[in-house]
file upload.csv (CSV, C-alpha atoms)
chain,number,residue,atom,x,y,z
A,1,LYS,CA,0.0,0.0,0.0
A,2,ASN,CA,1.5,3.3,-1.1
A,3,GLU,CA,0.6,6.3,1.0
A,4,VAL,CA,1.5,8.6,-1.9
A,5,GLU,CA,0.7,8.0,-5.5
A,6,GLN,CA,2.0,10.1,-8.4
A,7,SER,CA,1.0,10.3,-12.0
A,8,PRO,CA,2.1,10.1,-14.7
A,9,GLN,CA,5.2,8.0,-14.1
A,10,ASN,CA,6.9,9.3,-17.2
A,11,LEU,CA,6.2,12.5,-19.2
A,12,THR,CA,7.6,13.8,-22.4
A,13,ALA,CA,6.8,17.4,-23.5
A,14,GLN,CA,7.8,19.8,-26.2
A,15,GLU,CA,9.6,23.0,-25.1
A,16,GLY,CA,7.0,25.6,-24.2
A,17,GLU,CA,4.2,23.2,-23.2
A,18,PHE,CA,2.2,23.5,-20.0
A,19,ILE,CA,2.9,20.5,-17.7
A,20,THR,CA,0.9,19.0,-14.8
A,21,ILE,CA,2.1,16.3,-12.4
A,22,ASN,CA,-0.4,14.9,-10.0
A,23,CYS,CA,-0.1,13.6,-6.5
A,24,SER,CA,-2.7,11.8,-4.3
A,25,TYR,CA,-2.1,10.8,-0.7
A,26,SER,CA,-4.1,8.6,1.7
A,27,VAL,CA,-2.8,9.8,5.1
A,28,GLY,CA,-3.5,12.9,7.2
A,29,ILE,CA,-0.7,15.4,6.6
A,30,SER,CA,0.9,18.4,8.1
A,31,ALA,CA,2.6,19.4,4.9
A,32,LEU,CA,3.2,18.3,1.3
A,33,HIS,CA,6.5,18.7,-0.4
A,34,TRP,CA,7.5,18.8,-4.1
A,35,LEU,CA,11.1,17.8,-4.8
A,36,GLN,CA,13.2,17.9,-7.9
A,37,GLN,CA,15.9,15.4,-8.6
A,38,HIS,CA,18.3,16.0,-11.5
A,39,PRO,CA,20.1,13.1,-13.3
A,40,GLY,CA,23.2,13.8,-11.2
A,41,GLY,CA,21.2,12.7,-8.2
A,42,GLY,CA,20.9,15.9,-6.1
A,43,ILE,CA,17.5,16.7,-4.6
A,44,VAL,CA,16.1,20.2,-4.3
A,45,SER,CA,13.0,21.2,-2.4
A,46,LEU,CA,10.7,23.1,-4.7
A,47,PHE,CA,7.7,23.7,-2.5
A,48,MET,CA,6.4,22.9,0.9
A,49,LEU,CA,2.6,23.6,1.3
A,50,SER,CA,-0.2,22.8,3.6
A,51,SER,CA,-3.0,24.7,1.9
A,52,GLY,CA,-3.9,26.7,-1.2
A,53,LYS,CA,-1.3,27.5,-3.8
A,54,LYS,CA,2.3,28.6,-4.1
A,55,LYS,CA,4.1,30.0,-7.1
A,56,HIS,CA,7.8,30.3,-7.8
A,57,GLY,CA,8.8,31.5,-11.2
A,58,ARG,CA,7.3,29.2,-13.8
A,59,LEU,CA,6.4,26.6,-11.2
A,60,ILE,CA,3.0,26.5,-9.4
A,61,ALA,CA,1.9,24.0,-6.7
A,62,THR,CA,-1.6,23.6,-5.5
A,63,ILE,CA,-3.1,21.4,-2.8
A,64,ASN,CA,-6.7,20.4,-2.0
A,65,ILE,CA,-6.8,19.1,1.5
A,66,GLN,CA,-10.3,17.7,1.3
A,67,GLU,CA,-9.6,15.7,-1.8
A,68,LYS,CA,-6.1,14.8,-0.6
A,69,HIS,CA,-4.6,15.9,-3.9
A,70,SER,CA,-1.9,18.1,-5.1
A,71,SER,CA,-0.7,19.3,-8.5
A,72,LEU,CA,2.6,20.7,-9.7
A,73,HIS,CA,2.4,22.8,-12.8
A,74,ILE,CA,5.2,24.0,-15.0
A,75,THR,CA,4.4,26.8,-17.4
A,76,ALA,CA,6.5,27.4,-20.6
A,77,SER,CA,8.5,24.2,-20.0
A,78,HIS,CA,12.2,24.3,-20.9
A,79,PRO,CA,14.7,21.4,-21.4
A,80,ARG,CA,16.4,22.4,-18.2
A,81,ASP,CA,13.2,21.3,-16.4
A,82,SER,CA,14.0,17.7,-17.3
A,83,ALA,CA,14.3,15.9,-14.0
A,84,VAL,CA,12.4,13.6,-11.7
A,85,TYR,CA,9.7,15.3,-9.7
A,86,ILE,CA,8.9,13.7,-6.4
A,87,CYS,CA,5.9,14.3,-4.2
A,88,ALA,CA,6.3,13.7,-0.4
A,89,VAL,CA,4.1,14.2,2.6
A,90,SER,CA,4.8,14.8,6.3
A,91,SER,CA,2.4,12.8,8.4
A,92,GLY,CA,2.8,12.9,12.1
A,93,ASN,CA,6.5,12.3,12.6
A,94,GLN,CA,6.8,10.2,9.4
A,95,PHE,CA,7.6,11.1,5.8
A,96,TYR,CA,6.2,9.2,2.8
A,97,PHE,CA,7.4,9.6,-0.8
A,98,GLY,CA,5.8,9.0,-4.2
A,99,THR,CA,7.8,7.1,-6.8
A,100,GLY,CA,8.4,10.2,-8.9
A,101,THR,CA,7.5,11.5,-12.3
A,102,SER,CA,10.3,11.5,-14.9
A,103,LEU,CA,9.9,14.5,-17.1
A,104,THR,CA,11.8,15.0,-20.3
A,105,VAL,CA,11.3,18.3,-22.2
A,106,ILE,CA,12.4,18.2,-25.8
A,107,PRO,CA,13.7,21.4,-27.5
B,1,ASP,CA,24.5,24.5,-3.1
B,2,SER,CA,22.1,23.8,-0.3
B,3,GLY,CA,24.7,24.3,2.4
B,4,VAL,CA,24.4,20.7,3.6
B,5,THR,CA,27.5,18.7,3.2
B,6,GLN,CA,27.9,14.9,3.2
B,7,THR,CA,31.0,12.7,3.1
B,8,PRO,CA,32.1,10.6,1.5
B,9,LYS,CA,30.5,11.1,-1.9
B,10,HIS,CA,31.1,7.5,-2.9
B,11,LEU,CA,31.8,4.4,-0.8
B,12,ILE,CA,32.5,0.9,-2.0
B,13,THR,CA,32.7,-1.9,0.5
B,14,ALA,CA,32.1,-5.6,1.0
B,15,THR,CA,29.2,-7.5,2.5
B,16,GLY,CA,29.5,-7.8,6.3
B,17,GLN,CA,31.4,-4.6,6.7
B,18,ARG,CA,30.5,-1.5,8.6
B,19,VAL,CA,30.5,2.1,7.3
B,20,THR,CA,29.9,5.6,8.7
B,21,LEU,CA,28.3,8.3,6.6
B,22,ARG,CA,28.6,11.9,7.8
B,23,CYS,CA,26.4,14.9,7.4
B,24,SER,CA,26.9,18.6,8.3
B,25,PRO,CA,23.7,20.6,8.4
B,26,ARG,CA,23.3,24.2,7.1
B,27,SER,CA,24.5,26.7,9.6
B,28,GLY,CA,21.7,27.4,12.1
B,29,ASP,CA,19.7,24.3,11.3
B,30,LEU,CA,18.9,22.1,14.3
B,31,SER,CA,17.1,19.2,12.6
B,32,VAL,CA,18.7,16.5,10.6
B,33,TYR,CA,17.0,13.8,8.5
B,34,TRP,CA,18.4,10.7,6.9
B,35,TYR,CA,16.9,9.1,3.8
B,36,GLN,CA,17.7,6.1,1.7
B,37,GLN,CA,17.0,6.0,-2.0
B,38,SER,CA,17.3,2.6,-3.8
B,39,LEU,CA,16.3,1.6,-7.2
B,40,ASP,CA,13.6,-0.8,-6.1
B,41,GLN,CA,12.2,1.1,-3.0
B,42,GLY,CA,12.6,4.7,-4.0
B,43,LEU,CA,13.1,7.3,-1.3
B,44,GLN,CA,12.5,6.2,2.3
B,45,PHE,CA,12.7,8.1,5.5
B,46,LEU,CA,15.1,6.6,8.0
B,47,ILE,CA,15.4,8.8,11.0
B,48,GLN,CA,15.3,12.4,12.3
B,49,TYR,CA,17.2,14.2,15.0
B,50,TYR,CA,16.5,17.6,16.5
B,51,ASN,CA,19.2,19.3,18.5
B,52,GLY,CA,20.9,16.1,19.4
B,53,GLU,CA,17.8,14.1,20.2
B,54,GLU,CA,16.1,11.4,18.2
B,55,ARG,CA,12.7,12.6,17.2
B,56,ALA,CA,11.3,10.2,14.6
B,57,LYS,CA,12.1,6.8,13.2
B,58,GLY,CA,11.0,5.5,9.8
B,59,ASN,CA,12.1,2.4,8.0
B,60,ILE,CA,15.5,2.1,9.6
B,61,LEU,CA,16.9,-1.4,10.0
B,62,GLU,CA,18.2,-2.6,13.4
B,63,ARG,CA,21.6,-2.9,11.7
B,64,PHE,CA,21.6,0.9,11.1
B,65,SER,CA,22.0,3.5,13.8
B,66,ALA,CA,22.5,7.3,13.8
B,67,GLN,CA,23.4,10.1,16.2
B,68,GLN,CA,23.6,13.8,16.2
B,69,PHE,CA,26.5,15.4,18.0
B,70,PRO,CA,26.7,18.6,20.1
B,71,ASP,CA,28.0,20.5,17.1
B,72,LEU,CA,24.9,19.3,15.2
B,73,HIS,CA,26.6,17.2,12.7
B,74,SER,CA,25.2,13.7,12.3
B,75,GLU,CA,26.5,10.3,11.5
B,76,LEU,CA,24.7,7.3,10.1
B,77,ASN,CA,26.3,3.9,10.9
B,78,LEU,CA,25.5,0.9,8.7
B,79,SER,CA,26.7,-2.5,9.9
B,80,SER,CA,26.7,-6.1,8.7
B,81,LEU,CA,26.2,-4.7,5.2
B,82,GLU,CA,24.2,-6.6,2.6
B,83,LEU,CA,24.0,-6.2,-1.1
B,84,GLY,CA,20.5,-4.7,-0.7
B,85,ASP,CA,21.9,-1.8,1.3
B,86,SER,CA,23.5,-0.4,-1.9
B,87,ALA,CA,21.7,2.9,-2.3
B,88,LEU,CA,22.0,6.7,-2.3
B,89,TYR,CA,21.9,8.0,1.3
B,90,PHE,CA,20.7,11.6,1.7
B,91,CYS,CA,20.9,13.8,4.6
B,92,ALA,CA,18.7,16.9,4.9
B,93,SER,CA,18.4,19.7,7.4
B,94,SER,CA,15.9,22.2,8.5
B,95,VAL,CA,15.7,25.1,11.0
B,96,ASP,CA,13.3,23.3,13.2
B,97,MET,CA,10.9,20.4,13.0
B,98,GLY,CA,8.3,20.9,10.3
B,99,SER,CA,10.2,23.5,8.3
B,100,GLU,CA,11.4,23.2,4.7
B,101,GLN,CA,14.3,20.7,4.3
B,102,TYR,CA,17.5,21.3,2.5
B,103,PHE,CA,19.1,18.2,1.0
B,104,GLY,CA,22.8,17.3,0.9
B,105,PRO,CA,24.4,15.9,-2.3
B,106,GLY,CA,24.1,12.3,-1.0
B,107,THR,CA,26.5,9.4,-0.4
B,108,ARG,CA,26.4,6.6,-3.0
B,109,LEU,CA,27.1,3.3,-1.2
B,110,THR,CA,27.9,0.2,-3.2
B,111,VAL,CA,28.1,-3.1,-1.3
B,112,THR,CA,29.9,-5.9,-3.3
call {"tool": "encode", "arguments": {"input": "upload.csv", "output": "structure tokens"}}
result
Amino acid sequence: KNEVEQSPQNLTAQEGEFITINCSYSVGISALHWLQQHPGGGIVSLFMLSSGKKKHGRLIATINIQEKHSSLHITASHPRDSAVYICAVSSGNQFYFGTGTSLTVIP
Amino acid sequence: DSGVTQTPKHLITATGQRVTLRCSPRSGDLSVYWYQQSLDQGLQFLIQYYNGEERAKGNILERFSAQQFPDLHSELNLSSLELGDSALYFCASSVDMGSEQYFGPGTRLTVT
């Protein structure tokens, strides 16, 4: 049983396209995190949110607590956005991770 | 650069051995987290420390242990290593519990 489910698993887009990655969770949470992992392996925290919506540059993250669902949007996608995007939730004193969405943006 | 450092970057060792991974948090961060990322299991939370005290435990095996020292750096000890322990081990830090986490570059452990 996975506490966090992501879709799609893999995503290929043309440069400039609008991209959406979805995350559903089954546990009560104190926060939801979106992480980015580049091929070199390093992990960067993109967003931490517990309600509503956050925006940073071309990235937007939303969360619907009632539906236990979050989305990560990338506007005007660029090849440098190619990475694995991981959804994670803080639940009590535990952390659960999705399996990640591998995004490839083609020039 | 997140400000979190991990050493060593790579580690190759044999089954049955013991290794120690080290993490230095960002300046001012009191909380340290350890995670394991393997090909078959993905990212998993191992353990969290806050200001020297263990605060949460995840899927950490009994063969693994960790501690956070007075200078706030942390070490993860892995013993009786098995092939399945081969993975990337990440450390992250945050100002306090529940704050945004900053990840280190990871230690790639290969058990042969």
call {"tool": "atom_distance", "arguments": {"input": "upload.csv", "atom1": "atom CA of A:Met48", "atom2": "atom CA of A:Ile63"}}
result
10.3 Å
call {"tool": "closest_residue", "arguments": {"input": "upload.csv", "among": "A:Ser45, A:Gln37, A:Ser26, A:Ser50", "to": "chain B", "atoms": "all atoms listed in the file"}}
result
A:Ser45
call {"tool": "closest_residue", "arguments": {"input": "upload.csv", "among": "A:Gly42, A:Gly92, A:Pro79, A:Gly52", "to": "chain B", "atoms": "only C-alpha atoms"}}
result
A:Gly42
call {"tool": "residues_around", "arguments": {"input": "upload.csv", "residues": "B:Tyr102", "least_positions_apart": "5", "cutoff": "6 Å", "atoms": "all atoms listed in the file", "output": "JSON list (two decimals) with C-alpha atoms, in the coordinates of the input"}}
result
[["chain", "number", "residue", "atom", "x", "y", "z"],
["B", 2, "SER", "CA", 22.10, 23.80, -0.30],
["B", 92, "ALA", "CA", 18.70, 16.90, 4.90],
["B", 93, "SER", "CA", 18.40, 19.70, 7.40]]
call {"tool": "residues_near_point", "arguments": {"input": "upload.csv", "point": "(4.6, 11.1, -21.0)", "cutoff": "9 Å", "atoms": "only C-alpha atoms", "output": "PyMOL selection string"}}
result
chain A and resi 8-13+102-104
call {"tool": "build_atoms", "arguments": {"input": "upload.csv", "residues": "stretch 52-85 of chain A", "atoms": "N, CA and C atoms", "output": "PDB file, keeping the file's coordinate frame"}}
result
ATOM      1  N   GLY A  52      -3.849  25.695  -0.124  1.00  0.00           N
ATOM      2  CA  GLY A  52      -3.900  26.700  -1.200  1.00  0.00           C
ATOM      3  C   GLY A  52      -2.880  26.457  -2.306  1.00  0.00           C
ATOM      4  N   LYS A  53      -2.130  27.484  -2.598  1.00  0.00           N
ATOM      5  CA  LYS A  53      -1.300  27.500  -3.800  1.00  0.00           C
ATOM      6  C   LYS A  53      -0.056  28.318  -3.549  1.00  0.00           C
ATOM      7  N   LYS A  54       1.034  27.865  -4.179  1.00  0.00           N
ATOM      8  CA  LYS A  54       2.300  28.600  -4.100  1.00  0.00           C
ATOM      9  C   LYS A  54       2.862  28.715  -5.507  1.00  0.00           C
ATOM     10  N   LYS A  55       3.552  29.820  -5.765  1.00  0.00           N
ATOM     11  CA  LYS A  55       4.100  30.000  -7.100  1.00  0.00           C
ATOM     12  C   LYS A  55       5.578  30.475  -6.932  1.00  0.00           C
ATOM     13  N   HIS A  56       6.427  29.900  -7.777  1.00  0.00           N
ATOM     14  CA  HIS A  56       7.800  30.300  -7.800  1.00  0.00           C
ATOM     15  C   HIS A  56       8.305  30.281  -9.221  1.00  0.00           C
ATOM     16  N   GLY A  57       8.416  31.464  -9.811  1.00  0.00           N
ATOM     17  CA  GLY A  57       8.800  31.500 -11.200  1.00  0.00           C
ATOM     18  C   GLY A  57       7.769  30.873 -12.090  1.00  0.00           C
ATOM     19  N   ARG A  58       8.211  29.890 -12.882  1.00  0.00           N
ATOM     20  CA  ARG A  58       7.300  29.200 -13.800  1.00  0.00           C
ATOM     21  C   ARG A  58       6.616  27.983 -13.121  1.00  0.00           C
ATOM     22  N   LEU A  59       6.905  27.756 -11.861  1.00  0.00           N
ATOM     23  CA  LEU A  59       6.400  26.600 -11.200  1.00  0.00           C
ATOM     24  C   LEU A  59       5.215  27.035 -10.222  1.00  0.00           C
ATOM     25  N   ILE A  60       4.151  26.242 -10.249  1.00  0.00           N
ATOM     26  CA  ILE A  60       3.000  26.500  -9.400  1.00  0.00           C
ATOM     27  C   ILE A  60       2.625  25.176  -8.719  1.00  0.00           C
ATOM     28  N   ALA A  61       2.387  25.210  -7.420  1.00  0.00           N
ATOM     29  CA  ALA A  61       1.900  24.000  -6.700  1.00  0.00           C
ATOM     30  C   ALA A  61       0.617  24.344  -6.017  1.00  0.00           C
ATOM     31  N   THR A  62      -0.319  23.406  -6.128  1.00  0.00           N
ATOM     32  CA  THR A  62      -1.600  23.600  -5.500  1.00  0.00           C
ATOM     33  C   THR A  62      -1.906  22.345  -4.630  1.00  0.00           C
ATOM     34  N   ILE A  63      -2.726  22.525  -3.627  1.00  0.00           N
ATOM     35  CA  ILE A  63      -3.100  21.400  -2.800  1.00  0.00           C
ATOM     36  C   ILE A  63      -4.601  21.550  -2.432  1.00  0.00           C
ATOM     37  N   ASN A  64      -5.324  20.415  -2.469  1.00  0.00           N
ATOM     38  CA  ASN A  64      -6.700  20.400  -2.000  1.00  0.00           C
ATOM     39  C   ASN A  64      -6.774  19.375  -0.885  1.00  0.00           C
ATOM     40  N   ILE A  65      -6.856  19.895   0.322  1.00  0.00           N
ATOM     41  CA  ILE A  65      -6.800  19.100   1.500  1.00  0.00           C
ATOM     42  C   ILE A  65      -7.976  18.098   1.594  1.00  0.00           C
ATOM     43  N   GLN A  66      -9.149  18.589   1.218  1.00  0.00           N
ATOM     44  CA  GLN A  66     -10.300  17.700   1.300  1.00  0.00           C
ATOM     45  C   GLN A  66     -10.243  16.538   0.367  1.00  0.00           C
ATOM     46  N   GLU A  67      -9.707  16.780  -0.834  1.00  0.00           N
ATOM     47  CA  GLU A  67      -9.600  15.700  -1.800  1.00  0.00           C
ATOM     48  C   GLU A  67      -8.264  14.940  -1.680  1.00  0.00           C
ATOM     49  N   LYS A  68      -7.378  15.386  -0.800  1.00  0.00           N
ATOM     50  CA  LYS A  68      -6.100  14.800  -0.600  1.00  0.00           C
ATOM     51  C   LYS A  68      -5.330  14.672  -1.942  1.00  0.00           C
ATOM     52  N   HIS A  69      -5.201  15.811  -2.574  1.00  0.00           N
ATOM     53  CA  HIS A  69      -4.600  15.900  -3.900  1.00  0.00           C
ATOM     54  C   HIS A  69      -3.809  17.128  -4.081  1.00  0.00           C
ATOM     55  N   SER A  70      -2.683  16.987  -4.789  1.00  0.00           N
ATOM     56  CA  SER A  70      -1.900  18.100  -5.100  1.00  0.00           C
ATOM     57  C   SER A  70      -1.417  18.062  -6.555  1.00  0.00           C
ATOM     58  N   SER A  71      -1.189  19.205  -7.143  1.00  0.00           N
ATOM     59  CA  SER A  71      -0.700  19.300  -8.500  1.00  0.00           C
ATOM     60  C   SER A  71       0.528  20.192  -8.561  1.00  0.00           C
ATOM     61  N   LEU A  72       1.479  19.813  -9.407  1.00  0.00           N
ATOM     62  CA  LEU A  72       2.600  20.700  -9.700  1.00  0.00           C
ATOM     63  C   LEU A  72       2.502  21.055 -11.188  1.00  0.00           C
ATOM     64  N   HIS A  73       2.460  22.336 -11.454  1.00  0.00           N
ATOM     65  CA  HIS A  73       2.400  22.800 -12.800  1.00  0.00           C
ATOM     66  C   HIS A  73       3.667  23.513 -13.214  1.00  0.00           C
ATOM     67  N   ILE A  74       4.074  23.279 -14.445  1.00  0.00           N
ATOM     68  CA  ILE A  74       5.200  24.000 -15.000  1.00  0.00           C
ATOM     69  C   ILE A  74       4.730  24.722 -16.246  1.00  0.00           C
ATOM     70  N   THR A  75       4.825  26.034 -16.241  1.00  0.00           N
ATOM     71  CA  THR A  75       4.400  26.800 -17.400  1.00  0.00           C
ATOM     72  C   THR A  75       5.635  27.048 -18.309  1.00  0.00           C
ATOM     73  N   ALA A  76       5.385  27.133 -19.605  1.00  0.00           N
ATOM     74  CA  ALA A  76       6.500  27.400 -20.600  1.00  0.00           C
ATOM     75  C   ALA A  76       7.657  26.511 -20.325  1.00  0.00           C
ATOM     76  N   SER A  77       7.449  25.206 -20.378  1.00  0.00           N
ATOM     77  CA  SER A  77       8.500  24.200 -20.000  1.00  0.00           C
ATOM     78  C   SER A  77       9.750  24.435 -20.884  1.00  0.00           C
ATOM     79  N   HIS A  78      10.887  24.071 -20.271  1.00  0.00           N
ATOM     80  CA  HIS A  78      12.200  24.300 -20.900  1.00  0.00           C
ATOM     81  C   HIS A  78      12.999  22.974 -20.704  1.00  0.00           C
ATOM     82  N   PRO A  79      13.909  22.665 -21.626  1.00  0.00           N
ATOM     83  CA  PRO A  79      14.700  21.400 -21.400  1.00  0.00           C
ATOM     84  C   PRO A  79      15.403  21.348 -20.087  1.00  0.00           C
ATOM     85  N   ARG A  80      15.751  22.479 -19.476  1.00  0.00           N
ATOM     86  CA  ARG A  80      16.400  22.400 -18.200  1.00  0.00           C
ATOM     87  C   ARG A  80      15.442  21.955 -17.062  1.00  0.00           C
ATOM     88  N   ASP A  81      14.141  21.883 -17.372  1.00  0.00           N
ATOM     89  CA  ASP A  81      13.200  21.300 -16.400  1.00  0.00           C
ATOM     90  C   ASP A  81      13.187  19.819 -16.376  1.00  0.00           C
ATOM     91  N   SER A  82      13.908  19.204 -17.303  1.00  0.00           N
ATOM     92  CA  SER A  82      14.000  17.700 -17.300  1.00  0.00           C
ATOM     93  C   SER A  82      14.598  17.227 -16.055  1.00  0.00           C
ATOM     94  N   ALA A  83      13.856  16.410 -15.355  1.00  0.00           N
ATOM     95  CA  ALA A  83      14.300  15.900 -14.000  1.00  0.00           C
ATOM     96  C   ALA A  83      13.190  14.942 -13.556  1.00  0.00           C
ATOM     97  N   VAL A  84      13.432  14.365 -12.388  1.00  0.00           N
ATOM     98  CA  VAL A  84      12.400  13.600 -11.700  1.00  0.00           C
ATOM     99  C   VAL A  84      11.776  14.453 -10.642  1.00  0.00           C
ATOM    100  N   TYR A  85      10.453  14.512 -10.634  1.00  0.00           N
ATOM    101  CA  TYR A  85       9.700  15.300  -9.700  1.00  0.00           C
ATOM    102  C   TYR A  85       9.059  14.352  -8.670  1.00  0.00           C
TER     103      TYR A  85
END
